[in-house]
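A.B. asks: Coordinates in coords01.tsv, TSV, C-alpha atoms, are listed below.
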```
chain	number	residue	atom	x	y	z
H	694	MET	CA	0.00	0.00	0.00
H	695	THR	CA	1.26	3.48	-0.87
H	696	THR	CA	0.81	6.31	1.62
H	697	ARG	CA	0.50	9.79	0.14
H	698	VAL	CA	2.36	12.52	2.05
H	699	ASP	CA	3.31	16.12	1.29
H	700	ALA	CA	7.07	15.51	1.19
H	701	ILE	CA	9.58	12.69	1.61
H	702	VAL	CA	12.77	13.53	3.49
H	703	VAL	CA	15.49	10.88	3.26
H	704	GLY	CA	18.04	11.12	6.06
H	705	GLY	CA	17.59	11.64	9.79
H	706	GLY	CA	20.60	13.78	10.60
H	707	ILE	CA	20.16	17.31	11.90
H	708	HIS	CA	19.55	18.52	8.34
H	709	GLY	CA	16.80	16.06	7.50
H	710	CYS	CA	15.17	16.50	10.91
H	711	SER	CA	15.34	20.29	10.66
H	712	THR	CA	13.81	20.26	7.19
H	713	ALA	CA	11.03	17.95	8.33
H	714	LEU	CA	10.30	20.25	11.26
H	715	HIS	CA	10.24	23.42	9.16
H	716	LEU	CA	8.00	21.77	6.58
H	717	CYS	CA	5.60	20.99	9.42
H	718	LEU	CA	5.76	24.63	10.56
H	719	ALA	CA	4.80	25.57	6.99
H	720	GLY	CA	1.71	23.37	7.18
H	721	MET	CA	3.01	20.30	5.37
H	722	LYS	CA	2.99	16.67	6.56
H	723	PRO	CA	6.26	15.01	5.55
H	724	VAL	CA	7.65	11.55	6.18
H	725	LEU	CA	11.21	11.38	7.50
H	726	ILE	CA	13.07	8.17	6.64
H	727	GLU	CA	16.27	7.15	8.45
H	728	LYS	CA	17.93	3.79	7.93
H	729	ASP	CA	19.39	3.73	11.46
H	730	TYR	CA	18.18	6.28	13.99
H	731	ALA	CA	18.25	10.07	14.04
H	732	GLY	CA	21.79	11.29	14.61
H	733	ARG	CA	23.41	7.87	14.18
H	734	HIS	CA	26.23	9.20	12.04
H	735	ALA	CA	27.75	12.67	11.55
H	736	SER	CA	24.99	14.70	13.20
H	737	GLY	CA	25.08	12.88	16.52
H	738	VAL	CA	28.80	12.31	17.00
H	739	ASN	CA	30.49	15.54	15.87
H	740	ALA	CA	32.16	18.14	18.09
H	741	GLY	CA	28.97	20.19	18.38
H	742	GLY	CA	30.57	23.41	17.16
H	743	VAL	CA	28.09	26.20	16.45
H	744	ARG	CA	30.50	28.11	14.28
H	745	GLN	CA	30.29	31.06	11.91
H	746	LEU	CA	34.06	31.50	12.22
H	747	MET	CA	36.25	30.78	9.15
H	748	ARG	CA	33.48	29.54	6.90
H	749	HIS	CA	33.71	29.54	3.12
H	750	VAL	CA	32.20	32.76	1.81
H	751	PRO	CA	29.37	31.10	-0.22
H	752	GLU	CA	27.93	29.49	2.92
H	753	ILE	CA	28.21	32.50	5.25
H	754	PRO	CA	24.63	33.75	4.57
H	755	LEU	CA	23.26	30.32	5.50
H	756	SER	CA	25.47	30.25	8.59
H	757	ILE	CA	24.25	33.68	9.71
H	758	ARG	CA	20.63	32.60	9.17
H	759	SER	CA	21.27	29.50	11.23
H	760	MET	CA	22.95	31.42	14.04
H	761	GLY	CA	19.81	33.42	14.59
H	762	ILE	CA	17.88	30.18	15.12
H	763	TRP	CA	20.49	28.71	17.46
H	764	GLU	CA	20.20	31.77	19.68
H	765	ARG	CA	16.52	31.00	20.29
H	766	ILE	CA	16.72	27.23	19.91
H	767	GLY	CA	14.79	26.59	23.13
H	768	GLU	CA	11.77	28.48	21.78
H	769	LEU	CA	11.77	26.36	18.62
H	770	LEU	CA	12.38	22.93	20.12
H	771	ASP	CA	11.39	23.19	23.80
H	772	ASP	CA	14.97	22.02	24.42
H	773	ASP	CA	18.08	24.17	24.84
H	774	CYS	CA	20.26	21.51	23.15
H	775	SER	CA	22.94	22.45	25.74
H	776	PHE	CA	23.77	25.41	23.51
H	777	GLU	CA	26.27	27.82	25.03
H	778	SER	CA	27.71	30.93	23.40
H	779	HIS	CA	31.22	31.66	24.65
H	780	GLY	CA	32.55	32.50	21.20
H	781	GLN	CA	35.01	30.68	18.98
H	782	VAL	CA	38.63	31.74	18.61
H	783	LEU	CA	41.06	31.00	15.81
H	784	VAL	CA	44.57	31.11	17.28
H	785	ALA	CA	47.40	32.36	15.07
H	786	GLU	CA	50.58	30.56	16.07
H	787	ASP	CA	52.97	32.99	14.39
H	788	GLU	CA	53.10	36.32	12.56
H	789	GLY	CA	52.56	34.67	9.19
H	790	GLU	CA	49.28	33.12	10.33
H	791	LEU	CA	48.25	36.43	11.90
H	792	ALA	CA	48.81	38.17	8.55
H	793	THR	CA	46.53	35.59	6.93
H	794	CYS	CA	43.92	36.31	9.60
H	795	ARG	CA	44.20	40.05	8.94
H	796	ALA	CA	43.63	39.53	5.23
H	797	ARG	CA	40.66	37.24	5.90
H	798	VAL	CA	38.88	39.76	8.14
H	799	ALA	CA	39.53	42.56	5.65
H	800	GLU	CA	38.03	40.44	2.86
H	801	LEU	CA	34.88	39.70	4.88
H	802	ASN	CA	34.47	43.35	5.88
H	803	ALA	CA	34.68	44.35	2.22
H	804	LEU	CA	31.85	41.90	1.51
H	805	GLY	CA	29.74	43.36	4.32
H	806	PHE	CA	30.29	40.61	6.91
H	807	THR	CA	31.31	41.74	10.40
H	808	HIS	CA	31.05	38.61	12.55
H	809	GLU	CA	34.80	37.90	12.46
H	810	GLU	CA	37.07	40.25	14.41
H	811	LEU	CA	40.87	40.41	14.36
H	812	ILE	CA	42.37	40.28	17.86
H	813	ASP	CA	45.86	41.03	19.15
H	814	ALA	CA	47.92	39.07	21.67
H	815	ALA	CA	46.40	40.86	24.66
H	816	GLU	CA	42.80	40.12	23.64
H	817	LEU	CA	43.73	36.54	22.76
H	818	ARG	CA	45.09	36.03	26.27
H	819	ARG	CA	42.03	37.64	27.81
H	820	LEU	CA	39.81	35.19	25.94
H	821	VAL	CA	42.15	32.18	26.19
H	822	PRO	CA	44.45	32.84	29.18
H	823	ALA	CA	46.20	29.47	28.99
H	824	VAL	CA	47.42	29.83	25.40
H	825	ALA	CA	51.16	29.73	24.75
H	826	GLU	CA	52.90	33.10	25.08
H	827	THR	CA	54.29	32.83	21.56
H	828	CYS	CA	50.87	33.22	19.88
H	829	PRO	CA	50.51	36.81	18.55
H	830	GLY	CA	46.73	37.01	18.11
H	831	GLY	CA	43.95	35.57	15.99
H	832	VAL	CA	40.30	35.95	15.05
H	833	VAL	CA	37.19	35.73	17.21
H	834	SER	CA	33.52	35.23	16.33
H	835	ARG	CA	31.88	36.26	19.59
H	836	ARG	CA	28.37	34.88	19.03
H	837	ASP	CA	29.62	31.38	18.24
H	838	GLY	CA	29.58	28.49	20.67
H	839	ALA	CA	28.74	24.82	20.94
H	840	ALA	CA	25.82	22.49	21.57
H	841	ASN	CA	25.24	18.80	22.27
H	842	PRO	CA	24.92	17.22	18.80
H	843	ALA	CA	22.98	14.09	19.78
H	844	GLN	CA	20.64	16.10	22.00
H	845	ALA	CA	20.05	18.68	19.29
H	846	THR	CA	19.39	16.19	16.50
H	847	THR	CA	17.01	14.23	18.72
H	848	ALA	CA	15.21	17.44	19.69
H	849	PHE	CA	14.61	18.35	16.03
H	850	ARG	CA	13.35	14.83	15.34
H	851	ARG	CA	11.05	14.86	18.36
H	852	LYS	CA	9.57	18.28	17.58
H	853	ALA	CA	8.99	17.36	13.94
H	854	GLU	CA	7.07	14.27	15.00
H	855	GLN	CA	5.04	16.28	17.53
H	856	LEU	CA	4.03	18.67	14.74
H	857	GLY	CA	2.83	15.93	12.43
H	858	ALA	CA	5.80	14.40	10.64
H	859	THR	CA	5.80	10.63	10.20
H	860	VAL	CA	9.19	9.27	11.31
H	861	ARG	CA	10.41	5.94	10.00
H	862	GLU	CA	13.63	4.70	11.57
H	863	GLY	CA	15.49	1.43	11.29
H	864	MET	CA	14.86	0.75	7.58
H	865	ALA	CA	16.47	2.32	4.55
H	866	ALA	CA	14.70	4.21	1.80
H	867	THR	CA	14.87	2.09	-1.35
H	868	ASN	CA	13.63	2.08	-4.94
H	869	VAL	CA	13.54	5.87	-5.25
H	870	ARG	CA	11.64	6.70	-8.43
H	871	GLN	CA	9.44	9.31	-10.07
H	872	HIS	CA	6.09	8.38	-11.57
H	873	ASP	CA	3.13	10.47	-12.71
H	874	GLY	CA	4.53	13.62	-11.12
H	875	LEU	CA	5.14	12.01	-7.72
H	876	TRP	CA	8.24	10.71	-6.00
H	877	HIS	CA	7.92	7.17	-4.68
H	878	VAL	CA	10.12	5.60	-2.01
H	879	ASP	CA	9.87	2.15	-0.43
H	880	VAL	CA	10.53	1.51	3.26
H	881	GLY	CA	10.41	-2.21	3.87
H	882	SER	CA	7.02	-3.37	2.65
H	883	ASP	CA	5.58	0.15	2.77
H	884	SER	CA	5.69	2.83	0.08
H	885	TYR	CA	5.34	6.58	0.27
H	886	ALA	CA	4.50	9.02	-2.52
H	887	ALA	CA	4.87	12.80	-2.55
H	888	PRO	CA	5.42	15.65	-5.00
H	889	VAL	CA	8.60	16.60	-3.09
H	890	LEU	CA	11.69	14.52	-2.29
H	891	VAL	CA	14.54	15.91	-0.15
H	892	ASN	CA	17.83	14.04	-0.44
H	893	ALA	CA	19.42	14.66	2.99
H	894	ALA	CA	21.01	11.24	3.35
H	895	GLY	CA	24.48	12.39	4.36
H	896	ALA	CA	27.22	10.01	3.28
H	897	TRP	CA	24.62	8.00	1.36
H	898	ALA	CA	23.14	10.99	-0.48
H	899	GLY	CA	25.71	10.88	-3.27
H	900	ARG	CA	24.45	7.45	-4.30
H	901	ILE	CA	20.88	8.74	-4.46
H	902	ALA	CA	21.93	11.73	-6.55
H	903	ALA	CA	23.93	9.54	-8.92
H	904	ASP	CA	21.07	7.05	-9.30
H	905	LEU	CA	18.84	9.97	-10.29
H	906	GLY	CA	21.28	11.16	-12.94
H	907	GLU	CA	22.98	13.92	-10.96
H	908	PRO	CA	26.37	12.58	-9.93
H	909	VAL	CA	28.42	14.73	-7.58
H	910	PRO	CA	32.16	14.49	-6.82
H	911	VAL	CA	31.67	13.43	-3.20
H	912	GLU	CA	33.67	11.12	-0.97
H	913	THR	CA	32.84	9.33	2.26
H	914	VAL	CA	34.94	10.49	5.19
H	915	ALA	CA	35.04	9.79	8.92
H	916	PRO	CA	36.34	12.71	11.04
H	917	MET	CA	37.77	11.60	14.38
H	918	LEU	CA	37.26	13.01	17.87
H	919	MET	CA	38.64	12.16	21.28
H	920	ILE	CA	37.93	13.20	24.83
H	921	THR	CA	40.38	13.57	27.71
H	922	SER	CA	40.37	13.05	31.44
H	923	ARG	CA	39.37	16.02	33.58
H	924	VAL	CA	41.74	18.95	33.94
H	925	PRO	CA	41.32	22.25	35.82
H	926	HIS	CA	39.09	24.75	34.02
H	927	PHE	CA	41.18	26.81	31.62
H	928	ILE	CA	39.02	27.86	28.69
H	929	ASP	CA	35.49	28.97	27.79
H	930	PRO	CA	35.50	29.59	24.02
H	931	VAL	CA	35.91	26.87	21.43
H	932	VAL	CA	39.44	27.11	20.01
H	933	ILE	CA	40.51	26.21	16.49
H	934	LEU	CA	43.80	26.22	14.59
H	935	ARG	CA	44.14	26.26	10.83
H	936	GLY	CA	47.83	25.58	10.29
H	937	ARG	CA	47.89	22.35	12.32
H	938	LYS	CA	44.24	21.25	11.95
H	939	LEU	CA	42.82	21.38	15.44
H	940	SER	CA	39.64	22.25	17.31
H	941	PHE	CA	38.85	21.71	20.95
H	942	LYS	CA	36.53	22.74	23.76
H	943	GLN	CA	36.36	22.12	27.49
H	944	PHE	CA	33.18	20.89	29.15
H	945	ALA	CA	31.91	21.99	32.55
H	946	ASN	CA	33.14	18.72	34.09
H	947	GLY	CA	36.72	19.50	33.03
H	948	THR	CA	37.04	17.05	30.16
H	949	VAL	CA	38.33	18.35	26.82
H	950	LEU	CA	36.99	17.36	23.40
H	951	ILE	CA	39.68	17.36	20.71
H	952	GLY	CA	39.12	17.22	16.97
H	953	GLY	CA	40.98	18.51	14.01
H	954	GLY	CA	39.94	17.10	10.70
H	955	HIS	CA	42.04	13.94	10.89
H	956	LEU	CA	40.15	11.05	9.35
H	957	ALA	CA	39.39	7.44	10.21
H	958	THR	CA	38.81	4.81	7.52
H	959	PRO	CA	35.05	4.43	6.92
H	960	ASP	CA	33.25	1.25	5.91
H	961	GLN	CA	30.06	2.76	4.62
H	962	ASP	CA	28.23	-0.49	3.96
H	963	ARG	CA	28.91	-1.86	7.45
H	964	ASN	CA	28.39	1.43	9.32
H	965	GLU	CA	31.85	1.09	10.84
H	966	THR	CA	35.06	3.10	11.08
H	967	VAL	CA	38.67	2.21	11.82
H	968	LEU	CA	40.49	4.90	13.81
H	969	ASP	CA	43.89	6.28	12.85
H	970	TRP	CA	45.65	6.45	16.21
H	971	ARG	CA	48.78	8.10	14.80
H	972	SER	CA	46.74	11.07	13.57
H	973	LEU	CA	44.91	11.28	16.88
H	974	ALA	CA	48.27	11.45	18.61
H	975	VAL	CA	49.22	14.42	16.41
H	976	SER	CA	46.10	16.32	17.52
H	977	ALA	CA	46.74	15.48	21.18
H	978	ARG	CA	50.37	16.61	20.91
H	979	THR	CA	49.33	19.93	19.40
H	980	VAL	CA	46.99	20.68	22.30
H	981	PHE	CA	49.64	19.72	24.83
H	982	GLU	CA	52.16	22.07	23.16
H	983	LEU	CA	49.82	25.06	23.09
H	984	PHE	CA	48.28	24.54	26.52
H	985	PRO	CA	50.65	23.35	29.25
H	986	VAL	CA	47.70	22.65	31.56
H	987	MET	CA	46.84	19.70	29.29
H	988	ARG	CA	50.17	17.91	29.60
H	989	ASN	CA	49.04	15.55	32.36
H	990	ALA	CA	45.70	14.71	30.71
H	991	THR	CA	44.87	11.22	29.48
H	992	ILE	CA	42.93	10.35	26.34
H	993	MET	CA	39.85	8.44	27.56
H	994	ARG	CA	37.92	7.65	24.39
H	995	ALA	CA	37.99	8.25	20.63
H	996	TRP	CA	35.43	7.78	17.85
H	997	ALA	CA	34.50	8.82	14.33
H	998	GLY	CA	31.31	9.57	12.39
H	999	ILE	CA	30.59	8.91	8.74
H	1000	GLU	CA	29.73	11.80	6.45
H	1001	ALA	CA	30.16	13.19	2.94
H	1002	ARG	CA	32.73	15.68	1.67
H	1003	THR	CA	32.44	17.37	-1.70
H	1004	ARG	CA	35.32	18.30	-3.96
H	1005	ASP	CA	35.03	22.00	-3.09
H	1006	ASP	CA	34.11	21.48	0.61
H	1007	LEU	CA	30.77	23.22	0.07
H	1008	PRO	CA	27.37	21.57	0.56
H	1009	VAL	CA	25.05	20.57	-2.25
H	1010	PHE	CA	21.98	22.57	-1.34
H	1011	GLY	CA	18.88	23.48	-3.28
H	1012	PRO	CA	16.65	22.20	-6.09
H	1013	SER	CA	17.70	19.54	-8.54
H	1014	ALA	CA	19.01	20.74	-11.89
H	1015	ARG	CA	17.20	17.87	-13.59
H	1016	HIS	CA	14.04	16.77	-11.79
H	1017	LYS	CA	11.00	18.72	-10.66
H	1018	GLY	CA	10.25	18.28	-6.97
H	1019	LEU	CA	13.72	16.95	-6.05
H	1020	TYR	CA	15.91	18.88	-3.61
H	1021	HIS	CA	19.43	18.11	-2.41
H	1022	GLN	CA	20.78	18.83	1.08
H	1023	PHE	CA	24.06	16.99	1.65
H	1024	GLY	CA	27.84	17.16	1.41
H	1025	PHE	CA	28.36	19.45	4.38
H	1026	SER	CA	32.01	18.39	4.46
H	1027	LEU	CA	32.77	18.15	8.20
H	1028	HIS	CA	31.18	21.49	9.10
H	1029	GLY	CA	27.41	21.06	8.72
H	1030	PHE	CA	26.14	20.87	12.30
H	1031	GLN	CA	25.81	24.63	12.84
H	1032	LEU	CA	24.06	25.00	9.50
H	1033	GLY	CA	21.32	22.47	10.31
H	1034	PRO	CA	18.65	24.76	11.81
H	1035	GLY	CA	19.00	27.41	9.11
H	1036	ALA	CA	19.29	24.89	6.29
H	1037	GLY	CA	16.00	23.31	7.29
H	1038	ALA	CA	14.28	26.70	7.39
H	1039	VAL	CA	15.68	27.73	4.00
H	1040	MET	CA	14.88	24.38	2.41
H	1041	ALA	CA	11.28	24.68	3.56
H	1042	GLU	CA	11.12	28.15	1.98
H	1043	LEU	CA	12.49	26.84	-1.30
H	1044	ILE	CA	9.90	24.05	-1.32
H	1045	VAL	CA	6.88	26.02	-0.15
H	1046	ASN	CA	7.58	29.46	-1.64
H	1047	GLY	CA	9.83	28.60	-4.56
H	1048	GLY	CA	12.56	30.89	-3.26
H	1049	THR	CA	14.31	32.35	-0.22
H	1050	GLN	CA	15.82	35.65	0.88
H	1051	THR	CA	18.90	33.79	2.18
H	1052	ARG	CA	21.60	33.73	-0.49
H	1053	VAL	CA	22.36	30.08	-1.27
H	1054	GLY	CA	22.65	30.15	-5.06
H	1055	ASP	CA	26.36	29.28	-5.07
H	1056	LEU	CA	25.63	25.99	-3.29
H	1057	GLY	CA	23.50	24.42	-6.04
H	1058	ILE	CA	24.21	21.06	-7.64
H	1059	GLU	CA	24.49	22.65	-11.08
H	1060	ARG	CA	28.02	23.86	-10.23
H	1061	PHE	CA	29.24	20.31	-10.85
H	1062	GLY	CA	27.95	19.94	-14.38
H	1063	SER	CA	25.34	20.74	-16.97
H	1064	TYR	CA	21.96	19.03	-16.79
H	1065	THR	CA	18.83	19.49	-18.82
H	1066	VAL	CA	15.52	19.81	-17.06
```
Represent the structure of the file as structure tokens.

C.D. replies:
Amino acid sequence: MTTRVDAIVVGGGIHGCSTALHLCLAGMKPVLIEKDYAGRHASGVNAGGVRQLMRHVPEIPLSIRSMGIWERIGELLDDDCSFESHGQVLVAEDEGELATCRARVAELNALGFTHEELIDAAELRRLVPAVAETCPGGVVSRRDGAANPAQATTAFRRKAEQLGATVREGMAATNVRQHDGLWHVDVGSDSYAAPVLVNAAGAWAGRIAADLGEPVPVETVAPMLMITSRVPHFIDPVVILRGRKLSFKQFANGTVLIGGGHLATPDQDRNETVLDWRSLAVSARTVFELFPVMRNATIMRAWAGIEARTRDDLPVFGPSARHKGLYHQFGFSLHGFQLGPGAGAVMAELIVNGGTQTRVGDLGIERFGSYTV
């Protein structure tokens, strides 16, 4: 039996759940299909950074839109998602990196963006007192912060279901096809049909796009994270480095979460990852060098999530270049968590209104090739 719904959303990460919720707020009744459970992969196991800092210019408008939602997330979800706004700081380790920071901020200011602010050594030490004395400054985005990724993704899923979304977890969407103006998707022995299909399937979304004739240069990656034993409180903002690939934050209980873009080996078909302990050691060593307070800490646990990275590190976001009623929302390339709330709101606007005031045109799938509608 086929169930008719207003929209089919494939993928239960924060993006799929946010889109389902915002479609409900727009008066639609979608079905959300997740082969595992909401937040099983990238959305539930990332570092939780709510970051406008150092984003690629084409995604800054979406990031700014999303930040406004994060700042009132409790009103939207009846759950604060453990969101805290202590800012995010990019530390320049030498004068060369500081010069790069200065040029970056000048570029953004020329484009009309003011959320990134160049800081000198004194302001850096005020914000991050424990940083090594050799660091000459950096960049701060003061509204940024962090949230609990699993809590946030679950909250979006729960609210969407409360507002009328049908949530199907534990079985994959299969046999995606278009017939008589409707998209059809099978879930086990059940089928759903809708005029709208949103491909938000994360690391699996590239396969869906390719099967529908819109291949994208996307790879499956597994960014690694680790958490330390407790150390005395020494930092409030989230700290990132660019030269040596590092991000970290300290929790209220004293533990420190360390990431940095180093990758595990993913097995997409088995939902498994194999950690690269040598790369994890590099990240740990970098933290210990910059922050002497960390030198007696112990690594307690490490893990990785599976997600998709595009060739240009920008998401594939917006309507299909080939099929009516198909929308893509994937390839967030290790930095999609903060974008989730805003991306869902914008996607709902594209679907319901046919357009949005948030500038996302440079994120479309058509940048990867020519397709005929």

A.B. asks: Which is closest to Arg797 of chain H among H:Leu820, H:Leu746, H:Ile1044, H:Cys828, if we use all atoms listed in the file?

C.D. replies: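 Nearest to Arg797 of chain H: H:Leu746.
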
A.B. asks: Name the closest residue to His749 of chain H among the candidates H:Leu801, H:Leu769, H:Arg851, H:Val1045; distances are taken between atoms, counting all atoms listed in the file.

C.D. replies: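 Closest to His749 of chain H, using all atoms listed in the file: H:Leu801.
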
A.B. asks: When distances are computed from only C-alpha atoms, which of H:Ala845, H:Gly830, H:Tyr730, H:Ile992 shows the smallest separation from Glu816 of chain H?

C.D. replies: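 Nearest candidate to Glu816 of chain H out of H:Ala845, H:Gly830, H:Tyr730, H:Ile992: H:Gly830.
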
A.B. asks: Report the centre and edge lengths, in Å to one decimal, of an axis-aligned box enclosing every atom of segment 1003-1021 of chain H listed in the file, padded by 8 Å on each side, as lines of an AutoDock Vina configuration file.

C.D. replies:
```
center_x = 22.8
center_y = 20.1
center_z = -6.5
size_x = 41.1
size_y = 22.7
size_z = 30.2
```

A.B. asks: Using only C-alpha atoms, collect all residues at a distance of at most 12 Å from (47.3, 35.8, 9.4) as written in the file, then present them as number ranges by chain.

C.D. replies: H: 783-799, 811-813, 828-832, 934-936

A.B. asks: Using only C-alpha atoms, I'd like a table of the residues in segment 723-755 of chain H that come within 12 Å of segment 889-898 of chain H; for each, show the closest atom pair and its distance in Å rounded to one decimal, ordered by chain and ascending number, as a tab-separated table.

C.D. replies:
```
residue	atom	partner	partner_atom	distance
H:Pro723	CA	H:Val889	CA	9.1
H:Val724	CA	H:Leu890	CA	9.8
H:Leu725	CA	H:Val891	CA	9.5
H:Ile726	CA	H:Ala894	CA	9.1
H:Glu727	CA	H:Ala894	CA	8.1
H:Lys728	CA	H:Ala894	CA	9.3
H:Asp729	CA	H:Ala894	CA	11.2
H:Ala731	CA	H:Ala894	CA	11.1
H:Gly732	CA	H:Gly895	CA	10.7
H:Arg733	CA	H:Gly895	CA	10.9
H:His734	CA	H:Gly895	CA	8.5
H:Ala735	CA	H:Gly895	CA	7.9
H:Ser736	CA	H:Gly895	CA	9.2
```

A.B. asks: Between atom CA of Ala990 of chain H and atom CA of Val949 of chain H, measure the distance and give it in Å to one decimal.

C.D. replies: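 Taking atom CA of Ala990 of chain H and atom CA of Val949 of chain H, their separation equals 9.1 Å.
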
A.B. asks: H:Val1009, H:Ala887, H:Ala839, H:Leu817: which is nearest Phe776 of chain H, counting all atoms listed in the file?

C.D. replies: H:Ala839

A.B. asks: What separation in Å, quoted to one decimal, exists between atom CA of Val931 of chain H and atom CA of Arg836 of chain H?

C.D. replies: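 It comes out at 11.3 Å.
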
A.B. asks: Pull the neighbourhood of (33.4, 17.6, -4.0) for me: all residues within 8 Å in file coordinates, counting only C-alpha atoms, as a VMD selection string.

C.D. replies: chain H and resid 909 to 912 1002 to 1007 1024
